[in-house]
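Trainee: Sharing structure_14.cif here; it has mmCIF, C-alpha atoms.
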```cif
data_my_file
loop_
_atom_site.label_atom_id
_atom_site.label_comp_id
_atom_site.auth_asym_id
_atom_site.auth_seq_id
_atom_site.Cartn_x
_atom_site.Cartn_y
_atom_site.Cartn_z
CA MET A 192 100.37 75.51 81.04
CA SER A 193 103.87 77.01 81.26
CA ASP A 194 106.54 75.99 78.83
CA PRO A 195 108.87 73.44 80.53
CA GLN A 196 111.69 74.68 78.31
CA ALA A 197 111.35 78.30 79.51
CA PRO A 198 114.43 79.60 81.40
CA LEU A 199 114.14 79.85 85.18
CA VAL A 200 116.15 83.07 85.27
CA LYS A 201 115.67 85.87 82.79
CA PHE A 202 118.92 87.75 82.37
CA PRO A 203 118.91 91.45 81.52
CA THR A 204 120.06 92.52 78.09
CA PRO A 205 123.84 93.14 77.89
CA PRO A 206 124.83 96.80 77.54
CA ASP A 207 125.68 98.03 74.06
CA GLU A 208 129.36 98.46 74.86
CA GLU A 209 129.73 94.83 75.93
CA THR A 210 129.57 91.71 73.84
CA VAL A 211 127.44 88.76 74.88
CA GLU A 212 130.59 86.74 75.60
CA THR A 213 132.08 89.25 78.04
CA TRP A 214 128.67 89.79 79.66
CA PHE A 215 128.16 86.14 80.50
CA ASP A 216 131.77 85.80 81.64
CA LYS A 217 130.94 88.11 84.55
CA PRO A 218 129.72 86.80 87.95
CA LEU A 219 126.08 85.85 88.28
CA THR A 220 125.53 88.55 90.91
CA TYR A 221 126.57 91.13 88.33
CA ARG A 222 124.24 89.87 85.62
CA VAL A 223 121.14 89.28 87.77
CA GLN A 224 119.69 92.46 89.24
CA LEU A 225 117.92 91.61 92.51
CA SER A 226 114.93 93.68 93.54
CA ARG A 227 115.44 96.36 96.20
CA ASN A 228 111.68 96.52 96.70
CA ARG A 229 111.66 93.06 98.28
CA VAL A 230 114.27 94.21 100.79
CA GLU A 231 112.19 97.23 101.72
CA ALA A 232 108.98 95.20 102.05
CA LEU A 233 110.55 92.54 104.28
CA THR A 234 112.29 95.14 106.44
CA ASP A 235 109.11 97.16 106.93
CA GLY A 236 107.21 94.01 107.87
CA VAL A 237 109.75 92.87 110.47
CA PHE A 238 109.93 96.33 112.03
CA ALA A 239 106.13 96.56 112.16
CA VAL A 240 105.84 93.20 113.92
CA ALA A 241 108.69 93.95 116.35
CA ILE A 242 107.22 97.32 117.32
CA THR A 243 103.77 95.79 117.78
CA LEU A 244 105.12 93.00 119.99
CA LEU A 245 106.68 95.58 122.32
CA VAL A 246 103.33 96.77 123.63
CA LEU A 247 102.06 93.24 124.27
CA ASP A 248 104.37 93.04 127.27
CA ILE A 249 102.29 95.72 129.03
CA LYS A 250 99.34 94.00 130.70
CA VAL A 251 96.32 95.65 132.28
CA PRO A 252 96.76 95.30 136.07
CA GLU A 253 94.39 92.96 137.86
CA LEU A 254 92.78 93.97 141.13
CA GLN A 255 92.17 91.47 143.91
CA ALA A 256 88.72 92.95 144.32
CA PRO A 257 87.13 94.60 141.26
CA SER A 258 85.49 97.15 143.53
CA ASP A 259 88.85 98.25 144.99
CA ILE A 260 89.41 100.96 142.38
CA SER A 261 91.64 102.92 144.76
CA GLN A 262 94.43 100.42 144.10
CA LEU A 263 94.30 100.86 140.33
CA ALA A 264 96.49 103.98 140.31
CA VAL A 265 99.09 102.21 142.45
CA ARG A 266 99.13 99.20 140.14
CA LEU A 267 99.47 101.44 137.09
CA LEU A 268 102.40 103.30 138.62
CA ALA A 269 104.06 99.95 139.29
CA LEU A 270 104.16 99.42 135.52
CA TRP A 271 106.64 102.28 135.00
CA PRO A 272 109.55 99.95 134.08
CA LYS A 273 107.48 98.39 131.31
CA PHE A 274 106.32 101.74 129.95
CA LEU A 275 109.88 103.10 130.09
CA SER A 276 111.36 100.07 128.32
CA TYR A 277 108.57 100.15 125.73
CA THR A 278 109.14 103.83 124.97
CA ILE A 279 112.92 103.52 124.71
CA SER A 280 112.73 100.46 122.46
CA PHE A 281 109.98 101.95 120.29
CA VAL A 282 112.01 105.10 119.62
CA ILE A 283 115.25 103.15 119.08
CA LEU A 284 113.57 100.84 116.57
CA GLY A 285 112.12 103.90 114.88
CA VAL A 286 115.59 105.43 114.63
CA TYR A 287 117.04 102.28 113.08
CA TRP A 288 114.11 101.98 110.67
CA VAL A 289 114.74 105.56 109.51
CA GLY A 290 118.48 104.87 109.22
CA HIS A 291 117.89 101.77 107.13
CA HIS A 292 115.42 103.67 104.96
CA VAL A 293 117.96 106.44 104.36
CA GLN A 294 120.65 103.92 103.43
CA LEU A 295 118.37 102.21 100.92
CA SER A 296 117.58 105.56 99.30
CA PHE A 297 121.22 105.73 98.16
CA ILE A 298 121.56 102.06 97.20
CA ARG A 299 120.91 101.45 93.50
CA LYS A 300 121.27 97.66 93.34
CA VAL A 301 121.51 94.72 95.73
CA ASP A 302 123.26 91.38 95.54
CA ARG A 303 123.22 88.16 97.56
CA PRO A 304 125.74 89.24 100.28
CA LEU A 305 123.83 92.48 100.85
CA LEU A 306 120.59 90.50 101.21
CA TRP A 307 122.15 88.28 103.88
CA ILE A 308 123.54 91.29 105.74
CA ASN A 309 120.03 92.73 105.72
CA LEU A 310 118.62 89.46 107.06
CA LEU A 311 121.20 89.47 109.85
CA PHE A 312 120.13 93.03 110.66
CA LEU A 313 116.48 91.91 110.86
CA LEU A 314 117.43 88.93 113.06
CA TRP A 315 118.62 91.33 115.76
CA VAL A 316 115.63 93.64 115.24
CA ALA A 317 113.22 90.75 115.80
CA LEU A 318 114.97 89.98 119.11
CA VAL A 319 114.26 93.42 120.59
CA PRO A 320 110.81 92.50 122.03
CA PHE A 321 112.46 89.75 124.09
CA SER A 322 115.35 91.87 125.39
CA THR A 323 112.88 94.69 126.12
CA ALA A 324 110.58 92.37 128.08
CA LEU A 325 113.58 91.12 130.08
CA LEU A 326 114.67 94.67 130.85
CA SER A 327 111.15 95.77 131.84
CA GLU A 328 110.81 92.82 134.23
CA TYR A 329 114.25 93.33 135.82
CA PRO A 330 115.17 97.00 135.15
CA MET A 331 117.96 97.13 137.72
CA ALA A 332 119.46 93.71 136.99
CA GLN A 333 122.89 94.02 135.42
CA ILE A 334 122.41 90.93 133.24
CA ALA A 335 119.17 92.32 131.79
CA ILE A 336 120.78 95.68 131.04
CA THR A 337 123.76 93.94 129.42
CA LEU A 338 121.67 91.66 127.19
CA TYR A 339 119.54 94.61 126.10
CA GLY A 340 122.67 96.60 125.26
CA LEU A 341 124.23 93.70 123.37
CA ASN A 342 121.05 93.41 121.30
CA LEU A 343 121.23 97.09 120.37
CA ILE A 344 124.96 96.87 119.67
CA ALA A 345 124.34 93.99 117.26
CA ILE A 346 121.69 96.02 115.43
CA GLY A 347 123.93 99.09 115.12
CA LEU A 348 127.02 97.18 113.99
CA THR A 349 125.05 95.22 111.40
CA LEU A 350 123.53 98.41 110.02
CA ALA A 351 127.04 99.89 109.82
CA LEU A 352 128.20 96.76 107.99
CA HIS A 353 125.23 97.18 105.63
CA TRP A 354 126.32 100.73 104.77
CA TRP A 355 130.01 99.83 104.50
CA TYR A 356 129.39 96.93 102.12
CA ALA A 357 127.02 99.00 99.98
CA THR A 358 129.46 101.89 99.62
CA VAL A 359 132.86 100.17 99.49
CA GLU A 360 134.24 100.76 96.00
CA THR A 361 130.77 102.23 95.27
CA LYS A 362 129.55 98.81 94.13
CA HIS A 363 125.90 99.43 94.99
CA VAL A 364 125.60 103.22 94.99
CA ASP A 365 126.25 106.02 92.54
CA PRO A 366 129.97 106.13 91.61
CA ASP A 367 130.16 109.86 92.36
CA ILE A 368 128.66 109.66 95.84
CA HIS A 369 130.33 112.18 98.14
CA PRO A 370 133.12 110.54 100.23
CA GLY A 371 132.16 112.73 103.18
CA LEU A 372 128.67 111.29 103.08
CA VAL A 373 130.04 107.74 103.13
CA ARG A 374 132.32 108.42 106.11
CA GLY A 375 129.75 110.51 107.92
CA GLY A 376 127.04 107.89 107.52
CA LEU A 377 129.31 105.15 108.88
CA LEU A 378 130.51 107.19 111.85
CA ARG A 379 127.00 108.35 112.70
CA THR A 380 125.79 104.75 112.68
CA LEU A 381 128.60 103.68 115.02
CA ILE A 382 127.80 106.33 117.65
CA GLY A 383 124.93 104.25 119.04
CA PRO A 384 126.91 101.02 119.56
CA ALA A 385 129.71 103.01 121.20
CA VAL A 386 127.32 104.55 123.71
CA TYR A 387 125.71 101.16 124.36
CA VAL A 388 129.14 99.73 125.25
CA VAL A 389 129.56 102.54 127.78
CA SER A 390 126.06 101.85 129.12
CA ILE A 391 126.91 98.21 129.72
CA ALA A 392 130.11 99.17 131.55
CA VAL A 393 128.23 101.70 133.69
CA SER A 394 125.58 99.11 134.60
CA PHE A 395 128.10 97.37 136.87
CA PHE A 396 128.06 100.44 139.11
CA ARG A 397 124.96 102.54 138.33
CA PRO A 398 122.18 100.61 136.57
CA GLU A 399 119.84 103.61 136.57
CA LEU A 400 122.48 105.65 134.71
CA SER A 401 122.66 102.94 132.05
CA LEU A 402 118.92 103.27 131.45
CA LEU A 403 119.38 107.02 131.08
CA LEU A 404 122.08 106.52 128.46
CA TYR A 405 119.83 104.12 126.53
CA ALA A 406 117.11 106.77 126.56
CA LEU A 407 119.44 109.54 125.39
CA VAL A 408 120.88 107.73 122.36
CA PRO A 409 117.80 108.25 120.12
CA VAL A 410 118.05 112.00 120.70
CA LEU A 411 121.43 111.98 118.92
CA TYR A 412 119.78 110.50 115.82
CA ILE A 413 116.53 112.43 115.89
CA LEU A 414 118.52 115.66 115.54
CA PRO A 415 119.39 116.16 111.83
CA GLY A 416 122.95 115.37 110.81
CA ARG A 417 125.09 115.71 107.70
CA VAL A 418 123.59 112.57 106.20
CA ASP A 419 120.09 114.01 106.56
CA VAL A 420 121.15 117.18 104.71
CA HIS A 421 122.52 115.10 101.82
CA TRP A 422 119.40 112.94 101.88
CA GLY A 423 117.16 116.01 101.66
CA LYS A 424 119.02 117.26 98.60
CA HIS A 425 118.93 113.78 97.13
CA ARG A 426 115.16 113.56 97.60
CA GLN A 427 114.60 116.98 96.00
CA ALA A 428 116.60 116.01 92.91
CA PRO A 429 116.08 112.27 92.32
CA GLY A 430 118.03 112.36 89.09
CA THR A 431 121.22 113.63 90.71
CA SER A 432 123.81 112.04 92.88
CA PRO A 433 124.09 113.07 96.55
CA GLY A 434 127.61 114.22 95.75
CA THR A 435 126.36 116.59 93.06
CA PRO A 436 126.25 120.23 94.23
#
```
What do you get writing this file as structure tokens?
Mentor:
Amino acid sequence: MSDPQAPLVKFPTPPDEETVETWFDKPLTYRVQLSRNRVEALTDGVFAVAITLLVLDIKVPELQAPSDISQLAVRLLALWPKFLSYTISFVILGVYWVGHHVQLSFIRKVDRPLLWINLLFLLWVALVPFSTALLSEYPMAQIAITLYGLNLIAIGLTLALHWWYATVETKHVDPDIHPGLVRGGLLRTLIGPAVYVVSIAVSFFRPELSLLLYALVPVLYILPGRVDVHWGKHRQAPGTSPGTP
């Protein structure tokens, strides 16, 4: 049986240069180191479920007469909006999963606000199967295109907020992280939401062009950027900061 007098929270040992008094005078979020592994596990789980749910919207077509196989090809071709929406959303979710993974590779510690920002990010990710199903059912409807775009904008802006909060005053990353990496990562994250805003505006005149813009956005992120170069160096030398030459 556990000791009822045992502390509920085990605080880390104060650094040598600090006294116990000054250590416990600091905020609780400073003294309690929250686990980054839990963030990664939850994020991976939500992304896995969201991506899996995307394909469930694609149903096998039913024939009026099972022997009328000649109509099967026609029915399959009629599913093109669902396959297109599924592919776009799958790749976009993959891009955001990679982006989140890259951000976490630079983050050394997490606190309560960062956890809630991450949960807000996952809230929008979990909504993608719904907005995708709506778009696949009404691919030329302006309201469907707009709601899909707003969903993606929310994901991109929250991921940008995640990176900004983690790097502002280098509270959660290495102090010597390269400033160019911080700015570049933020700007690269904001490219997607900016294009989605344009896509929504275009949908009032050319809905098919909006779908094309949605499909082109992942290409911008699949191509390696400055952040990916820093990340590659960071992965090769885990003991060094990404700002270290």
Trainee: For the structure provided, state which residues fall under the PyMOL selection byres ((chain A and resi 292) around 12), and present them as a list in words.
Mentor: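 Taken over the shown coordinates, the PyMOL selection byres ((chain A and resi 292) around 12) returns Arg227, Asn228, Val230, Glu231, Ala232, Thr234, Asp235, Phe238, Gly285, Val286, Tyr287, Trp288, Val289, Gly290, His291, Val293, Gln294, Leu295, Ser296, Phe297, Ile298, Asn309, Leu350, His353, Trp354, Asp419 and Trp422 of chain A.
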Trainee: Leaving out Ala239 (chain A) and any residue of its chain fewer than 2 positions from it, which residues lie within 12 Å of it when counting all atoms listed in the file, given as a list in words?
Mentor: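 With the cut-off at 12 Å, the set is Ala232, Leu233, Thr234, Asp235, Gly236, Val237, Ala241, Ile242, Thr243, Leu244, Leu245, Val246, Phe281, Leu284, Gly285, Trp288, Leu313, Val316, Ala317 and Pro320 of chain A.
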Trainee: In Å to one decimal, how far is CA of Val410 (chain A) from CA of Leu268 (chain A)?
Mentor: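 Atom-to-atom, CA of Leu268 (chain A) to CA of Val410 (chain A), that is 25.3 Å.
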Trainee: Nearest to Ile344 (chain A) among A:Ala269, A:Val408, A:Leu403, A:Leu306, with distances taken over only C-alpha atoms: which residue is it?
Mentor: A:Val408
Trainee: Please, which residues in region 250-360 of chain A fall within 10 Å of region 393-399 of chain A when counting all atoms listed in the file, and what is the closest atom pair and distance in Å to one decimal for each, ordered by chain then residue number, as JSON lines?
Mentor:
```
{"residue": "A:Pro330", "atom": "CA", "partner": "A:Pro398", "partner_atom": "CA", "distance": 8.0}
{"residue": "A:Met331", "atom": "CA", "partner": "A:Pro398", "partner_atom": "CA", "distance": 5.6}
{"residue": "A:Ala332", "atom": "CA", "partner": "A:Pro398", "partner_atom": "CA", "distance": 7.4}
{"residue": "A:Gln333", "atom": "CA", "partner": "A:Ser394", "partner_atom": "CA", "distance": 5.8}
{"residue": "A:Ile334", "atom": "CA", "partner": "A:Ser394", "partner_atom": "CA", "distance": 8.9}
{"residue": "A:Ala335", "atom": "CA", "partner": "A:Ser394", "partner_atom": "CA", "distance": 9.8}
{"residue": "A:Ile336", "atom": "CA", "partner": "A:Ser394", "partner_atom": "CA", "distance": 6.9}
{"residue": "A:Thr337", "atom": "CA", "partner": "A:Ser394", "partner_atom": "CA", "distance": 7.5}
```
Trainee: Go through A:Trp271, A:Phe312, A:Trp307, A:Tyr412 and flag the residue nearest Leu343 (chain A), using all atoms listed in the file for the distances.
Mentor: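 When distances to Leu343 (chain A) are compared using all atoms listed in the file, the smallest one comes from A:Phe312.
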Trainee: Could you please determine the separation between CA of Gly347 (chain A) and CA of Ala385 (chain A) in Å, to one decimal place?
Mentor: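 Taking CA of Gly347 (chain A) as the start and CA of Ala385 (chain A) as the end point, the length is 9.3 Å.
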